[in-house]
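K.L.:
Structure provided below as structure tokens; questions to follow.
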Amino acid sequence: MKKLTSLLTALTMIGGMAFAVSAEETSFALGDVDMDGVITGHDTAMVSYYITGGDITLTEEQLRLADVDGDGAVTQADADKLYNEMQQYELGDVDLDGGVDISDAAIAEHMTAIRRILNDTDFGEKGIRADVNFDGKIDLYDAHAILLTYNRDMTFMGDKVFVEGTYYYSFTKEDEQQIVDSVNYTLEATNKDIRVTSIAEIEDYQYRFAINTFDVNGDDEVTISDTSEVLKIYSENMAGTGIYKASADINKKADLNLDGEIDMDDATLALKAYAMSVAGLT
């Protein structure tokens with residue numbers, strides 16, 4: 001009965017949270033095909049993937065933004081111009097820190113975990129850049145492609161992802177085995193008594209343990225206290241009283257949607273995760 005009461009309280013709180021959405025139109029710079037506000041290798045790869053017949057659809061506005069040489073058609077010449085003259089960051093540089101590395105893959109994995117629980121989470125511009133295989137979702141395949149890009153100079157990683165303005169990435173059985181081996185290595189290193197044999201098993205494992213992503217206060221449980229931590233940080237940021245100071249680790253974990261701010265969106269995520277945990281849905 002206590003759990004049911006807690007669940008109903010959480011759901012009531014969620015229902016009462018309203019957010020204003022601006023109807024103001026945003027204009028994008030020529031070349032910003034993915035409309036994330038910056039021209040990156042993600043834009044170049046989108047154009048390359050499109051002109052080589054990839055499974056991607058560009059809107060009329062995106063086609064206009066992709067025609068960077070202004071000849072009225074989207075061709076390899078546009079991808080070349082984007083790559084050589086316009087893009088500021090590489091494909092896979094999700095956090096725009098100037099390089100593709102393990103932290104970018106970790107961001108994609110974090111987003112994957114969040115969406116295992118709450119599929120409609122909006123990660124904003126970072127979410128756009130994390131979808132490096134352009135299938136409209138963020139999953140292990142994106143994290144793998146980012147790692148391939150990071151390791152592109154290593155002899156044992158022979159797969160091409162994005163080279164000299166041309167997008168090559170396609171997922172193979174060898175890629176799947178690399179992911180399985182990597183996950184098993186990590187599980188063994190962390191002394192977890194579980195092994196996986198396929199992507200499907202990895203996704204099942206992630207789903208069952210993704211709830212830990214919402215353990216903001218680090219007490220190994222997902223409770224209303226995690227939502228409280230997020231709200232306290234948000235309130236302090238708004239008021240600036242200096243009364244409440246969360247640890248650096250809690251501050252980092254509280255930004256659940258990775259948009260660089262701790263606000264009501266993060267609190268809503270934490271509260272929904274708690275409600276699902278109480279209901280036994282995770």
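Quick note on naming: the chains in the structure tokens go A, B, ... in the order shown, residues restart at 1 in each chain, and ligands are numbered from 1 in order of appearance.
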Contacts of stretch 137-154 of chain A at 7 Å or less, counting only C-alpha atoms, minus same-chain residues fewer than 2 places along, as a PDB file with N, CA and C atoms, in the first residue's frame?
P.N.:
ATOM      1  N   GLY A  92      31.147  12.606 -34.492  1.00  0.00           N
ATOM      2  CA  GLY A  92      31.354  11.857 -33.263  1.00  0.00           C
ATOM      3  C   GLY A  92      31.795  12.710 -32.096  1.00  0.00           C
ATOM      4  N   VAL A 100      37.322  13.467 -30.885  1.00  0.00           N
ATOM      5  CA  VAL A 100      36.440  12.314 -30.677  1.00  0.00           C
ATOM      6  C   VAL A 100      37.154  11.351 -29.744  1.00  0.00           C
ATOM      7  N   ASP A 101      36.536  11.045 -28.618  1.00  0.00           N
ATOM      8  CA  ASP A 101      37.188  10.177 -27.652  1.00  0.00           C
ATOM      9  C   ASP A 101      36.166   9.335 -26.896  1.00  0.00           C
ATOM     10  N   ILE A 102      36.641   8.646 -25.878  1.00  0.00           N
ATOM     11  CA  ILE A 102      35.773   7.733 -25.128  1.00  0.00           C
ATOM     12  C   ILE A 102      34.628   8.483 -24.456  1.00  0.00           C
ATOM     13  N   ALA A 105      31.618   8.545 -26.680  1.00  0.00           N
ATOM     14  CA  ALA A 105      30.919   7.258 -26.682  1.00  0.00           C
ATOM     15  C   ALA A 105      30.152   7.064 -25.382  1.00  0.00           C
ATOM     16  N   ALA A 108      26.850   8.814 -25.568  1.00  0.00           N
ATOM     17  CA  ALA A 108      25.882   8.036 -26.337  1.00  0.00           C
ATOM     18  C   ALA A 108      25.327   6.886 -25.500  1.00  0.00           C
ATOM     19  N   GLU A 109      26.192   6.239 -24.720  1.00  0.00           N
ATOM     20  CA  GLU A 109      25.732   5.132 -23.870  1.00  0.00           C
ATOM     21  C   GLU A 109      24.823   5.645 -22.760  1.00  0.00           C
ATOM     22  N   MET A 111      22.844   8.254 -22.960  1.00  0.00           N
ATOM     23  CA  MET A 111      21.566   8.537 -23.608  1.00  0.00           C
ATOM     24  C   MET A 111      20.797   7.252 -23.883  1.00  0.00           C
ATOM     25  N   THR A 112      21.524   6.207 -24.269  1.00  0.00           N
ATOM     26  CA  THR A 112      20.892   4.912 -24.508  1.00  0.00           C
ATOM     27  C   THR A 112      20.231   4.405 -23.235  1.00  0.00           C
ATOM     28  N   ALA A 130      24.774  12.747 -31.454  1.00  0.00           N
ATOM     29  CA  ALA A 130      25.073  11.381 -31.003  1.00  0.00           C
ATOM     30  C   ALA A 130      24.527  10.324 -31.958  1.00  0.00           C
ATOM     31  N   ASP A 131      23.551  10.677 -32.774  1.00  0.00           N
ATOM     32  CA  ASP A 131      22.972   9.720 -33.728  1.00  0.00           C
ATOM     33  C   ASP A 131      23.861   9.680 -34.974  1.00  0.00           C
ATOM     34  N   VAL A 132      25.012   9.029 -34.867  1.00  0.00           N
ATOM     35  CA  VAL A 132      25.995   9.081 -35.948  1.00  0.00           C
ATOM     36  C   VAL A 132      25.709   8.097 -37.074  1.00  0.00           C
ATOM     37  N   ASN A 133      24.725   7.209 -36.890  1.00  0.00           N
ATOM     38  CA  ASN A 133      24.349   6.341 -38.019  1.00  0.00           C
ATOM     39  C   ASN A 133      23.005   6.738 -38.622  1.00  0.00           C
ATOM     40  N   ASP A 135      19.834   6.786 -37.856  1.00  0.00           N
ATOM     41  CA  ASP A 135      18.642   5.941 -37.887  1.00  0.00           C
ATOM     42  C   ASP A 135      17.532   6.492 -37.003  1.00  0.00           C
ATOM     43  N   PHE A 156      44.051  -2.649 -35.599  1.00  0.00           N
ATOM     44  CA  PHE A 156      43.054  -3.706 -35.441  1.00  0.00           C
ATOM     45  C   PHE A 156      41.631  -3.207 -35.662  1.00  0.00           C
ATOM     46  N   MET A 157      41.457  -1.911 -35.829  1.00  0.00           N
ATOM     47  CA  MET A 157      40.133  -1.364 -36.101  1.00  0.00           C
ATOM     48  C   MET A 157      40.100  -0.935 -37.558  1.00  0.00           C
ATOM     49  N   VAL A 161      34.515   4.724 -40.940  1.00  0.00           N
ATOM     50  CA  VAL A 161      33.267   5.376 -40.567  1.00  0.00           C
ATOM     51  C   VAL A 161      33.060   6.611 -41.438  1.00  0.00           C
TER      52      VAL A 161
END
K.L.:
Pick out the residues sitting within 7 Å of stretch 64-69 of chain A, and hand them over as a list in words; count only C-alpha atoms, and ignore anything fewer than 4 positions along from it in its own chain.
P.N.:
Leu30, Gly31, Asp32, Val33, Val47, Glu60, Ala73, Val74 and Asp78 of chain A
K.L.:
Write to file, as an mmCIF file, in the first residue's frame, the residues of the selection just made, with N, CA, C and O atoms.
P.N.:
data_model
loop_
_atom_site.group_PDB
_atom_site.id
_atom_site.type_symbol
_atom_site.label_atom_id
_atom_site.label_comp_id
_atom_site.auth_asym_id
_atom_site.auth_seq_id
_atom_site.Cartn_x
_atom_site.Cartn_y
_atom_site.Cartn_z
ATOM 1 N N LEU A 30 23.933 28.287 -43.398
ATOM 2 C CA LEU A 30 24.165 27.393 -44.526
ATOM 3 C C LEU A 30 25.215 26.354 -44.121
ATOM 4 O O LEU A 30 26.277 26.700 -43.615
ATOM 5 N N GLY A 31 24.887 25.075 -44.326
ATOM 6 C CA GLY A 31 25.782 23.992 -43.934
ATOM 7 C C GLY A 31 25.375 23.297 -42.661
ATOM 8 O O GLY A 31 25.808 22.166 -42.395
ATOM 9 N N ASP A 32 24.519 23.951 -41.846
ATOM 10 C CA ASP A 32 24.052 23.332 -40.594
ATOM 11 C C ASP A 32 22.855 22.430 -40.904
ATOM 12 O O ASP A 32 21.722 22.713 -40.541
ATOM 13 N N VAL A 33 23.134 21.341 -41.584
ATOM 14 C CA VAL A 33 22.088 20.473 -42.123
ATOM 15 C C VAL A 33 21.281 19.800 -41.011
ATOM 16 O O VAL A 33 20.064 19.608 -41.140
ATOM 17 N N VAL A 47 25.156 14.699 -45.423
ATOM 18 C CA VAL A 47 25.117 14.991 -46.859
ATOM 19 C C VAL A 47 25.700 13.828 -47.650
ATOM 20 O O VAL A 47 25.126 13.377 -48.653
ATOM 21 N N GLU A 60 12.984 19.807 -47.096
ATOM 22 C CA GLU A 60 13.271 20.846 -48.084
ATOM 23 C C GLU A 60 14.251 21.870 -47.516
ATOM 24 O O GLU A 60 15.169 22.327 -48.214
ATOM 25 N N ALA A 73 21.819 21.852 -56.476
ATOM 26 C CA ALA A 73 21.751 20.403 -56.286
ATOM 27 C C ALA A 73 22.655 20.008 -55.121
ATOM 28 O O ALA A 73 23.654 20.678 -54.831
ATOM 29 N N VAL A 74 22.290 18.925 -54.435
ATOM 30 C CA VAL A 74 23.114 18.413 -53.338
ATOM 31 C C VAL A 74 23.965 17.272 -53.880
ATOM 32 O O VAL A 74 23.446 16.219 -54.260
ATOM 33 N N ASP A 78 29.255 19.366 -52.440
ATOM 34 C CA ASP A 78 28.804 20.015 -51.209
ATOM 35 C C ASP A 78 29.444 19.348 -49.990
ATOM 36 O O ASP A 78 29.884 20.024 -49.054
#
K.L.:
Could you list, as a ChimeraX atom specification, every residue within 7 Å of stretch 239-256 of chain A, counting only C-alpha atoms and ignoring same-chain residues fewer than 4 positions away?
P.N.:
/A:216-217,230,233,235,260-262,266
K.L.:
Can you pull out the residues contacting A:Asn184? Cut-off 12 Å, using only C-alpha atoms, and skip same-chain residues under 5 positions away; I want them as a CSV table (one decimal) with N, CA, C and O atoms, in the first residue's frame.
P.N.:
chain,number,residue,atom,x,y,z
A,177,GLN,N,30.5,-8.6,-32.8
A,177,GLN,CA,31.3,-9.4,-31.9
A,177,GLN,C,32.3,-8.5,-31.1
A,177,GLN,O,32.6,-8.8,-30.0
A,178,GLN,N,32.8,-7.4,-31.8
A,178,GLN,CA,33.6,-6.5,-31.0
A,178,GLN,C,32.9,-5.8,-29.9
A,178,GLN,O,33.5,-5.7,-28.8
A,179,ILE,N,31.6,-5.5,-30.1
A,179,ILE,CA,30.8,-4.9,-29.0
A,179,ILE,C,30.6,-5.9,-27.9
A,179,ILE,O,30.8,-5.6,-26.7
A,189,ALA,N,35.9,-7.0,-15.7
A,189,ALA,CA,36.8,-6.1,-14.9
A,189,ALA,C,36.0,-5.5,-13.7
A,189,ALA,O,36.7,-5.2,-12.7
A,190,THR,N,34.7,-5.4,-13.8
A,190,THR,CA,33.9,-4.9,-12.6
A,190,THR,C,33.4,-6.0,-11.8
A,190,THR,O,32.5,-5.7,-10.9
A,191,ASN,N,33.8,-7.2,-12.0
A,191,ASN,CA,33.5,-8.4,-11.2
A,191,ASN,C,32.0,-8.7,-11.2
A,191,ASN,O,31.4,-9.2,-10.3
A,192,LYS,N,31.3,-8.4,-12.3
A,192,LYS,CA,29.9,-8.7,-12.5
A,192,LYS,C,29.8,-10.1,-13.0
A,192,LYS,O,30.4,-10.5,-14.0
A,193,ASP,N,29.0,-10.9,-12.4
A,193,ASP,CA,28.8,-12.3,-12.7
A,193,ASP,C,27.8,-12.5,-13.8
A,193,ASP,O,26.7,-13.0,-13.6
A,194,ILE,N,28.1,-11.9,-15.0
A,194,ILE,CA,27.1,-12.0,-16.1
A,194,ILE,C,28.0,-11.9,-17.4
A,194,ILE,O,29.0,-11.2,-17.4
A,195,ARG,N,27.6,-12.6,-18.4
A,195,ARG,CA,28.2,-12.6,-19.7
A,195,ARG,C,27.2,-12.5,-20.8
A,195,ARG,O,26.1,-13.0,-20.7
A,196,VAL,N,27.5,-11.8,-21.9
A,196,VAL,CA,26.5,-11.6,-23.0
A,196,VAL,C,27.1,-12.2,-24.2
A,196,VAL,O,28.3,-12.3,-24.4
A,197,THR,N,26.2,-12.6,-25.1
A,197,THR,CA,26.6,-13.2,-26.4
A,197,THR,C,26.1,-12.5,-27.6
A,197,THR,O,26.4,-12.9,-28.7
A,198,SER,N,25.2,-11.5,-27.5
A,198,SER,CA,24.7,-10.8,-28.6
A,198,SER,C,24.3,-9.4,-28.2
A,198,SER,O,24.2,-9.0,-27.0
A,199,ILE,N,24.0,-8.5,-29.2
A,199,ILE,CA,23.5,-7.2,-29.0
A,199,ILE,C,22.2,-7.2,-28.2
A,199,ILE,O,21.9,-6.4,-27.3
A,201,GLU,N,21.1,-9.3,-26.0
A,201,GLU,CA,21.4,-9.6,-24.6
A,201,GLU,C,22.0,-8.4,-23.9
A,201,GLU,O,21.7,-8.1,-22.8
A,202,ILE,N,22.8,-7.6,-24.6
A,202,ILE,CA,23.4,-6.4,-24.1
A,202,ILE,C,22.3,-5.4,-23.8
A,202,ILE,O,22.2,-4.8,-22.7
A,205,TYR,N,20.3,-6.4,-20.8
A,205,TYR,CA,21.1,-6.1,-19.6
A,205,TYR,C,21.1,-4.6,-19.3
A,205,TYR,O,20.9,-4.2,-18.2
K.L.:
If you take only C-alpha atoms and a cut-off of 6 Å, which residues of stretch 154-256 of chain A touch stretch 268-282 of chain A, and what are their nearest atom pairs and distances in Å to one decimal, in chain and number order, as CSV?
P.N.:
residue,atom,partner,partner_atom,distance
A:Phe214,CA,A:Ala270,CA,5.9
A:Val222,CA,A:Tyr274,CA,5.8
A:Thr223,CA,A:Tyr274,CA,5.6
A:Thr227,CA,A:Ala270,CA,5.2
K.L.:
Keeping only all heavy atoms, write those residues as an mmCIF file, in the first residue's frame.
P.N.:
data_model
loop_
_atom_site.group_PDB
_atom_site.id
_atom_site.type_symbol
_atom_site.label_atom_id
_atom_site.label_comp_id
_atom_site.auth_asym_id
_atom_site.auth_seq_id
_atom_site.Cartn_x
_atom_site.Cartn_y
_atom_site.Cartn_z
ATOM 1 N N PHE A 214 19.719 6.930 -12.822
ATOM 2 C CA PHE A 214 18.915 7.926 -12.115
ATOM 3 C C PHE A 214 19.242 7.998 -10.625
ATOM 4 O O PHE A 214 18.595 8.732 -9.891
ATOM 5 C CB PHE A 214 17.427 7.615 -12.302
ATOM 6 C CG PHE A 214 16.989 7.676 -13.734
ATOM 7 C CD1 PHE A 214 17.034 6.551 -14.538
ATOM 8 C CD2 PHE A 214 16.547 8.870 -14.285
ATOM 9 C CE1 PHE A 214 16.637 6.601 -15.862
ATOM 10 C CE2 PHE A 214 16.154 8.934 -15.606
ATOM 11 C CZ PHE A 214 16.197 7.797 -16.405
ATOM 12 N N VAL A 222 17.043 4.080 -6.319
ATOM 13 C CA VAL A 222 16.335 5.168 -6.980
ATOM 14 C C VAL A 222 15.096 5.467 -6.157
ATOM 15 O O VAL A 222 14.154 4.662 -6.114
ATOM 16 C CB VAL A 222 15.956 4.803 -8.430
ATOM 17 C CG1 VAL A 222 15.128 5.921 -9.057
ATOM 18 C CG2 VAL A 222 17.217 4.571 -9.249
ATOM 19 N N THR A 223 15.123 6.590 -5.472
ATOM 20 C CA THR A 223 14.035 6.974 -4.580
ATOM 21 C C THR A 223 13.661 8.428 -4.838
ATOM 22 O O THR A 223 14.252 9.116 -5.671
ATOM 23 C CB THR A 223 14.453 6.812 -3.100
ATOM 24 O OG1 THR A 223 15.486 7.776 -2.812
ATOM 25 C CG2 THR A 223 14.980 5.413 -2.830
ATOM 26 N N THR A 227 15.161 12.760 -6.804
ATOM 27 C CA THR A 227 14.425 13.911 -7.337
ATOM 28 C C THR A 227 14.640 15.129 -6.450
ATOM 29 O O THR A 227 14.819 16.247 -6.938
ATOM 30 C CB THR A 227 12.923 13.593 -7.431
ATOM 31 O OG1 THR A 227 12.728 12.409 -8.198
ATOM 32 C CG2 THR A 227 12.164 14.745 -8.080
#
K.L.:
Which one of A:Thr59, A:Thr75, A:Ser225, A:Thr121 sits closest to A:Leu258 if you count only C-alpha atoms?
P.N.:
A:Thr121
K.L.:
Using Å and a single decimal, report how far atom CA of A:Tyr168 sits from atom CA of A:Asp36.
P.N.:
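Between atom CA of A:Asp36 and atom CA of A:Tyr168 the gap works out to 22.3 Å.
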K.L.:
Quick one: of A:Asp93, A:Gln87, A:Ala267, A:Glu176, who's nearest to A:Ala200, counting only C-alpha atoms?
P.N.:
A:Glu176
K.L.:
What is the distance, in Å and to one decimal place, between atom CA of A:Thr44 and atom CA of A:Tyr167?
P.N.:
8.4 Å
K.L.:
With only C-alpha atoms as the atoms that count, which of A:Asp175, A:Gly218, A:Asp34, A:Leu231 lies nearest to A:Thr57?
P.N.:
A:Asp34
K.L.:
Which of stretch 98-230 of chain A counts as strand (DSSP E) under DSSP, as a PyMOL selection string please?
P.N.:
chain A and resi 162-163+166-167
K.L.:
In Å, rounded to a single decimal, give me how far atom CA of A:Glu203 is from atom CA of A:Lys173.
P.N.:
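We find that atom CA of A:Lys173 and atom CA of A:Glu203 lie 16.4 Å from each other.
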